Amino acid sequence: MSGPHRRRRLATGLTPGGPRVKGARPIAYTVFVTLRRGEERVRGAWLGVTLGIAVLLQLVVVNFWPRFESPNERGRVYQALAVVTRGTLDISAEVERFGGMEDLAPAIGRVFPNKAPGMLPLLLPGAFLAERLGGDGPESTLRLALVLGRVLAAGVPFLLTVLLLARFASARSPVGGPAVVAAFALATPALAAALLLFSHALTACLLLAAYLLLFGSRRPGARSGLLAGVLLAWAAVSEYPIALPAAVLALAAVHRLGRRGSLWVAAGGSLPLLLFGLYNASCFGSPFALASARSSYGSFAALGAHGISGVSWPRASGLVGLLASPSRGLLVWAPVVTLALVGVLKRGAWREDFAARLALVTAPVLLLIAMSGYRNWHGGWFPGPRYLLPVLPLICLLATDGAEAVLRRRWGGTLVAFGALWGWLQLWPVLASFPFPPEDYPLPFVTLAQKLLAGGIRVPSWLPPPALQPVLVVLGAAAMALLLLLATPGGRPVERLVALALLLGALLLAGRARPPATWQSALELAVIHDVYAGGPKGALEELVPRADVPERRAKLESWIAVRDGTPGR
């Protein structure tokens with residue numbers, strides 16, 4: 001043996017005959033080989049580990065805040081409870097029983113949620129069980145209904161989305177697929193949507209499944225077209241803006257399906273739309289009346305008066321905010337999606353299947369443009385750009401192509417690992433503290449979650465006693481970070497070390513972020529701490545010197561009264 005191979009063997013003390021030099025180098029080499037083999041085993045089981053972490057979070061996280069009347073969640077559960085207990089869609093009795101909220105739509109002496117009704121069928125089993133197993137008080141019943149409803153209507157669809165992404169992306173991009181899918185599951189706001197009773201996890205699953213039915217095979221048959229139509233229409237009646245990307249997918253598949261196949265898609269879509277019309281007619285007297293147009297809350301009613309349900313012409317401020325704002329930007333919360341740009345420009349990809357690629361690109365772009373014209377583009381209190389989450393799996397399909405190209409280049413592993421780890425770092429502290437950051441807090445994992453965690457605020461869960469919870473949270477975060485690192489193939493260990501160094505540098509820069517120095521943001525933090533999260537009293541009293549006008553004093557006194565009184569306001 002001669003040349004560089006012999007020099008490398010001599011440097012490590014290893015030769016074909018075995019170790020000839022005893023000391024530190026053979027031991028270091030043995031440790032390196034052992035770690036490398038362990039890494040290969042973890043990477044081979046990446047999907048099982050990823051799903052295991054996601055399932056564990058579903059089982060231990062409760063996310064029920066008695067004094068935070070999360071309107072997106074409670075309205076839907078109220079209606080499910082009304083159906084299983086009284087056989088009606090009217091939630092007037094549930095509002096009296098569990099407490100009022102903002103997202104209500106009154107009509108003809110009755111009250112309904114102002115949300116799209118597509119999630120209702122998935123909430124009924126949890127509501128049925130909650131009424132029979134929830135205990136004596138209304139709070140325990142509501143908690144169980146929310147938790148079970150979240151698992152069935154958000155958690156299970158999220159897990160199905162991860163499985164569908166993994167099956168399609170791993171076959172299409174064996175190197176980049178696992179890295180992007182693991183990042184989607186553990187390092188994007190999609191995980192937050194899976195732990196909350198919002199519609200985004202469900203609509204994301206429905207859109208992805210419909211896309212794979214229409215474009216995942218060479219020639220979709222009648223059954224595929226029929227089922228895809230059902231899924232696309234179901235997504236639209238679960239979240240109204242999703243009608244735009246759903247229409248894009250259906251139209252892009254016309255050439256592949258032909259006339260007969262397109263009719264099957266239309267036939268499938270007619271069933272959810274028919275049920276939707278019957279729901280609207282039963283609640284509001286017309287199949288074309290939308291619940292969102294009848295909101296009783298003042299600011300929401302005023303918002304819906306602009307354009308079409310609040311959506312008007314696209315605005316540059318909305319585009320920049322949805323993509324790059326420190327509080328809601330998709331590129332800030334999930335930088336791994338930047339790989340989608342590489343996937344769009346991948347050589348030869350457009351020639352493989354032009355219609356499929358066009359649908360993947362056009363559906364997210366159209367939704368982005370539409371929501372940029374929505375005055376409430378930030379989506380209120382939520383971690384990340386929640387209005388873009390339904391198309392995030394489609395973006396990730398493009399990102400897998402980009403990752404496949406980037407990871408085959410030197411230092412590509414560093415870039416992909418850094419993007420995944422930064423998304424994880426953004427998300428994890430928010431989910432571990434209070435998962436509803438207000439829209440005016442930039443980089444809330446620094447400006448909000450850090451303060452809440454330091455004050456002893458933890459997300460409600462089934463975890464062991466509070467003394468052990470911080471340890472388990474740290475261990476869980478470390479496991480997620482390790483998985484993201486190992487799921488990202490890299491040519492050399494130094495690439496991962498550089499990714500960690502970049503993450504540390506980014507964290508030091510992010511540490512300079514400060515919450516807005518406004519009365520409103522200070523009041524939001526104090527209310528979250530003292531009222532919603534039930535922390536030690538005192539944060540509201542600290543604002544007394546700043547309550548220098550009657551309006552502020554009255555608002556502060558009202559929140560102190562809420563904190564010291566009964567839940568609800």
# chains A, B, ... in the order shown; residues from 1 in each chain; ligands from 1
call {"tool": "select_by_dssp", "arguments": {"residues": "range 43-220 of chain A", "states": "helix (DSSP H, G or I)", "output": "JSON, numbers by chain"}}
result
{"A": [43, 44, 46, 47, 48, 49, 50, 51, 52, 53, 54, 55, 56, 57, 58, 59, 60, 71, 72, 73, 74, 75, 76, 77, 78, 79, 80, 81, 82, 83, 84, 85, 86, 92, 93, 94, 95, 96, 97, 98, 117, 118, 119, 120, 121, 122, 123, 124, 125, 126, 127, 128, 129, 130, 131, 132, 133, 138, 139, 140, 141, 142, 143, 144, 145, 146, 147, 148, 149, 150, 151, 152, 153, 154, 155, 156, 157, 158, 159, 160, 161, 162, 163, 164, 165, 166, 167, 168, 169, 170, 171, 172, 176, 177, 178, 179, 180, 181, 182, 183, 184, 185, 186, 189, 190, 191, 192, 193, 194, 200, 201, 202, 203, 204, 205, 206, 207, 208, 209, 210, 211, 212, 213, 214, 215]}
call {"tool": "residues_around", "arguments": {"residues": "Gly225 in chain A", "least_positions_apart": "6", "cutoff": "7 Å", "atoms": "only C-alpha atoms", "output": "ChimeraX atom specification"}}
result
/A:214,261,264-265
call {"tool": "closest_atom_pairs", "arguments": {"of": "range 54-112 of chain A", "to": "range 424-432 of chain A", "cutoff": "12 Å", "atoms": "only C-alpha atoms", "output": "CSV"}}
result
residue,atom,partner,partner_atom,distance
A:Leu57,CA,A:Leu431,CA,10.3
A:Val60,CA,A:Ala432,CA,11.5
A:Val61,CA,A:Ala432,CA,9.2
A:Val62,CA,A:Ala432,CA,11.2
A:Asn63,CA,A:Leu431,CA,9.3
call {"tool": "write_last_selection", "arguments": {"atoms": "C-alpha atoms", "output": "PDB file, in the first residue's frame"}}
result
ATOM      1  CA  LEU A  57     -46.103  15.801  22.075  1.00  0.00           C
ATOM      2  CA  VAL A  60     -48.471  15.122  26.802  1.00  0.00           C
ATOM      3  CA  VAL A  61     -49.452  18.630  25.666  1.00  0.00           C
ATOM      4  CA  VAL A  62     -52.863  19.806  26.875  1.00  0.00           C
ATOM      5  CA  ASN A  63     -52.900  23.426  25.659  1.00  0.00           C
TER       6      ASN A  63
END
call {"tool": "residues_around", "arguments": {"residues": "Leu133 in chain A", "least_positions_apart": "6", "cutoff": "10 Å", "atoms": "only C-alpha atoms", "output": "PyMOL selection string"}}
result
chain A and resi 127+140-141+144-145
call {"tool": "write_last_selection", "arguments": {"atoms": "N, CA and C atoms", "output": "compact mmCIF listing (two decimals), in the first residue's frame"}}
result
# COMPACT_ATOMS: atom_id res chain seq x y z
N ALA A 127 -66.23 15.33 21.42
CA ALA A 127 -67.29 15.98 22.20
C ALA A 127 -68.18 14.94 22.87
N SER A 140 -63.85 20.86 33.13
CA SER A 140 -63.23 19.57 32.79
C SER A 140 -63.81 19.01 31.49
N THR A 141 -65.11 19.22 31.28
CA THR A 141 -65.72 18.77 30.02
C THR A 141 -65.15 19.52 28.84
N LEU A 144 -61.47 18.36 28.10
CA LEU A 144 -61.37 17.07 27.41
C LEU A 144 -61.85 17.17 25.98
N ALA A 145 -62.92 17.94 25.74
CA ALA A 145 -63.41 18.10 24.37
C ALA A 145 -62.38 18.80 23.49
call {"tool": "closest_residue", "arguments": {"among": "A:Asp136, A:Glu542, A:Glu102, A:Glu131", "to": "Arg86 in chain A", "atoms": "only C-alpha atoms"}}
result
A:Glu131
call {"tool": "atom_distance", "arguments": {"atom1": "CA of Ile457 in chain A", "atom2": "CA of Leu525 in chain A"}}
result
11.8 Å
call {"tool": "residues_around", "arguments": {"residues": "Pro545 in chain A", "least_positions_apart": "6", "cutoff": "12 Å", "atoms": "only C-alpha atoms", "output": "ChimeraX atom specification"}}
result
/A:519,552-553,556
call {"tool": "closest_residue", "arguments": {"among": "A:Val254, A:Val549, A:Val180, A:Leu206", "to": "Ala154 in chain A", "atoms": "only C-alpha atoms"}}
result
A:Leu206
call {"tool": "residues_around", "arguments": {"residues": "Trp411 in chain A", "least_positions_apart": "2", "cutoff": "10 Å", "atoms": "only C-alpha atoms", "output": "PyMOL selection string"}}
result
chain A and resi 406-409+413-416+490-492+494-496+498-499
call {"tool": "write_last_selection", "arguments": {"atoms": "N, CA and C atoms", "output": "tab-separated table (two decimals), in the first residue's frame"}}
result
chain	number	residue	atom	x	y	z
A	406	VAL	N	-28.63	20.81	-3.07
A	406	VAL	CA	-27.71	21.51	-2.17
A	406	VAL	C	-26.86	20.53	-1.38
A	407	LEU	N	-27.45	19.45	-0.90
A	407	LEU	CA	-26.72	18.51	-0.06
A	407	LEU	C	-25.64	17.75	-0.82
A	408	ARG	N	-25.68	17.77	-2.12
A	408	ARG	CA	-24.64	17.10	-2.90
A	408	ARG	C	-23.44	18.02	-3.15
A	409	ARG	N	-23.53	19.22	-2.64
A	409	ARG	CA	-22.42	20.15	-2.78
A	409	ARG	C	-21.70	20.33	-1.44
A	413	GLY	N	-24.60	20.53	3.62
A	413	GLY	CA	-25.14	20.05	4.89
A	413	GLY	C	-25.18	21.12	5.95
A	414	THR	N	-24.20	22.02	5.92
A	414	THR	CA	-24.18	23.12	6.89
A	414	THR	C	-25.39	24.02	6.71
A	415	LEU	N	-25.69	24.38	5.48
A	415	LEU	CA	-26.80	25.29	5.21
A	415	LEU	C	-28.14	24.66	5.58
A	416	VAL	N	-28.33	23.40	5.20
A	416	VAL	CA	-29.61	22.73	5.49
A	416	VAL	C	-29.77	22.52	6.99
A	490	GLY	N	-24.37	14.99	5.71
A	490	GLY	CA	-23.26	15.92	5.47
A	490	GLY	C	-22.00	15.14	5.16
A	491	GLY	N	-21.17	15.70	4.32
A	491	GLY	CA	-19.97	14.98	3.93
A	491	GLY	C	-18.98	14.81	5.06
A	492	ARG	N	-18.93	15.79	5.99
A	492	ARG	CA	-17.93	15.73	7.05
A	492	ARG	C	-18.54	16.21	8.36
A	494	VAL	N	-17.31	18.21	10.38
A	494	VAL	CA	-17.05	19.63	10.58
A	494	VAL	C	-18.20	20.48	10.04
A	495	GLU	N	-18.93	19.97	9.05
A	495	GLU	CA	-20.05	20.74	8.51
A	495	GLU	C	-21.13	20.93	9.57
A	496	ARG	N	-21.36	19.92	10.38
A	496	ARG	CA	-22.36	20.07	11.44
A	496	ARG	C	-21.85	20.99	12.54
A	498	VAL	N	-19.93	23.51	12.10
A	498	VAL	CA	-20.09	24.86	11.56
A	498	VAL	C	-21.55	25.30	11.65
A	499	ALA	N	-22.48	24.36	11.38
A	499	ALA	CA	-23.91	24.69	11.49
A	499	ALA	C	-24.26	25.09	12.92
call {"tool": "residues_around", "arguments": {"residues": "Tyr240 in chain A", "least_positions_apart": "4", "cutoff": "12 Å", "atoms": "only C-alpha atoms", "output": "ChimeraX atom specification"}}
result
/A:114-118,199-200,203,232-236,244-247,273,276,290-293,308-311,367,370-371,387,390
call {"tool": "residues_around", "arguments": {"residues": "Asn72 in chain A", "least_positions_apart": "3", "cutoff": "10 Å", "atoms": "only C-alpha atoms", "output": "list in words"}}
result
Glu69, Gly75, Arg76, Val77, Met101, Glu102, Asp103, Pro113, Asn114, Lys115, Leu196, Leu197, Phe198 and Ser199 of chain A
call {"tool": "write_last_selection", "arguments": {"atoms": "C-alpha atoms", "output": "PDB file, in the first residue's frame"}}
result
ATOM      1  CA  GLU A  69     -60.898  32.042  25.559  1.00  0.00           C
ATOM      2  CA  GLY A  75     -66.275  28.163  18.915  1.00  0.00           C
ATOM      3  CA  ARG A  76     -65.734  24.916  17.036  1.00  0.00           C
ATOM      4  CA  VAL A  77     -65.837  22.796  20.200  1.00  0.00           C
ATOM      5  CA  MET A 101     -65.737  34.706  23.270  1.00  0.00           C
ATOM      6  CA  GLU A 102     -65.143  36.884  20.226  1.00  0.00           C
ATOM      7  CA  ASP A 103     -65.769  34.636  17.206  1.00  0.00           C
ATOM      8  CA  PRO A 113     -69.345  30.198  15.391  1.00  0.00           C
ATOM      9  CA  ASN A 114     -68.115  32.564  12.708  1.00  0.00           C
ATOM     10  CA  LYS A 115     -65.783  29.832  11.415  1.00  0.00           C
ATOM     11  CA  LEU A 196     -53.830  23.692  18.583  1.00  0.00           C
ATOM     12  CA  LEU A 197     -57.402  23.352  17.367  1.00  0.00           C
ATOM     13  CA  PHE A 198     -56.971  25.489  14.256  1.00  0.00           C
ATOM     14  CA  SER A 199     -57.957  24.372  10.765  1.00  0.00           C
TER      15      SER A 199
END
call {"tool": "closest_residue", "arguments": {"among": "A:Gly511, A:Pro241, A:Gly318, A:Pro383", "to": "Pro364 in chain A", "atoms": "only C-alpha atoms"}}
result
A:Pro241
call {"tool": "closest_residue", "arguments": {"among": "A:Ala204, A:Ala54, A:Ala222, A:Ile91", "to": "Leu389 in chain A", "atoms": "only C-alpha atoms"}}
result
A:Ala204
call {"tool": "atom_distance", "arguments": {"atom1": "CA of Ala510 in chain A", "atom2": "CA of Ala187 in chain A"}}
result
17.2 Å
call {"tool": "atom_distance", "arguments": {"atom1": "CA of Ala210 in chain A", "atom2": "CA of Arg375 in chain A"}}
result
29.5 Å
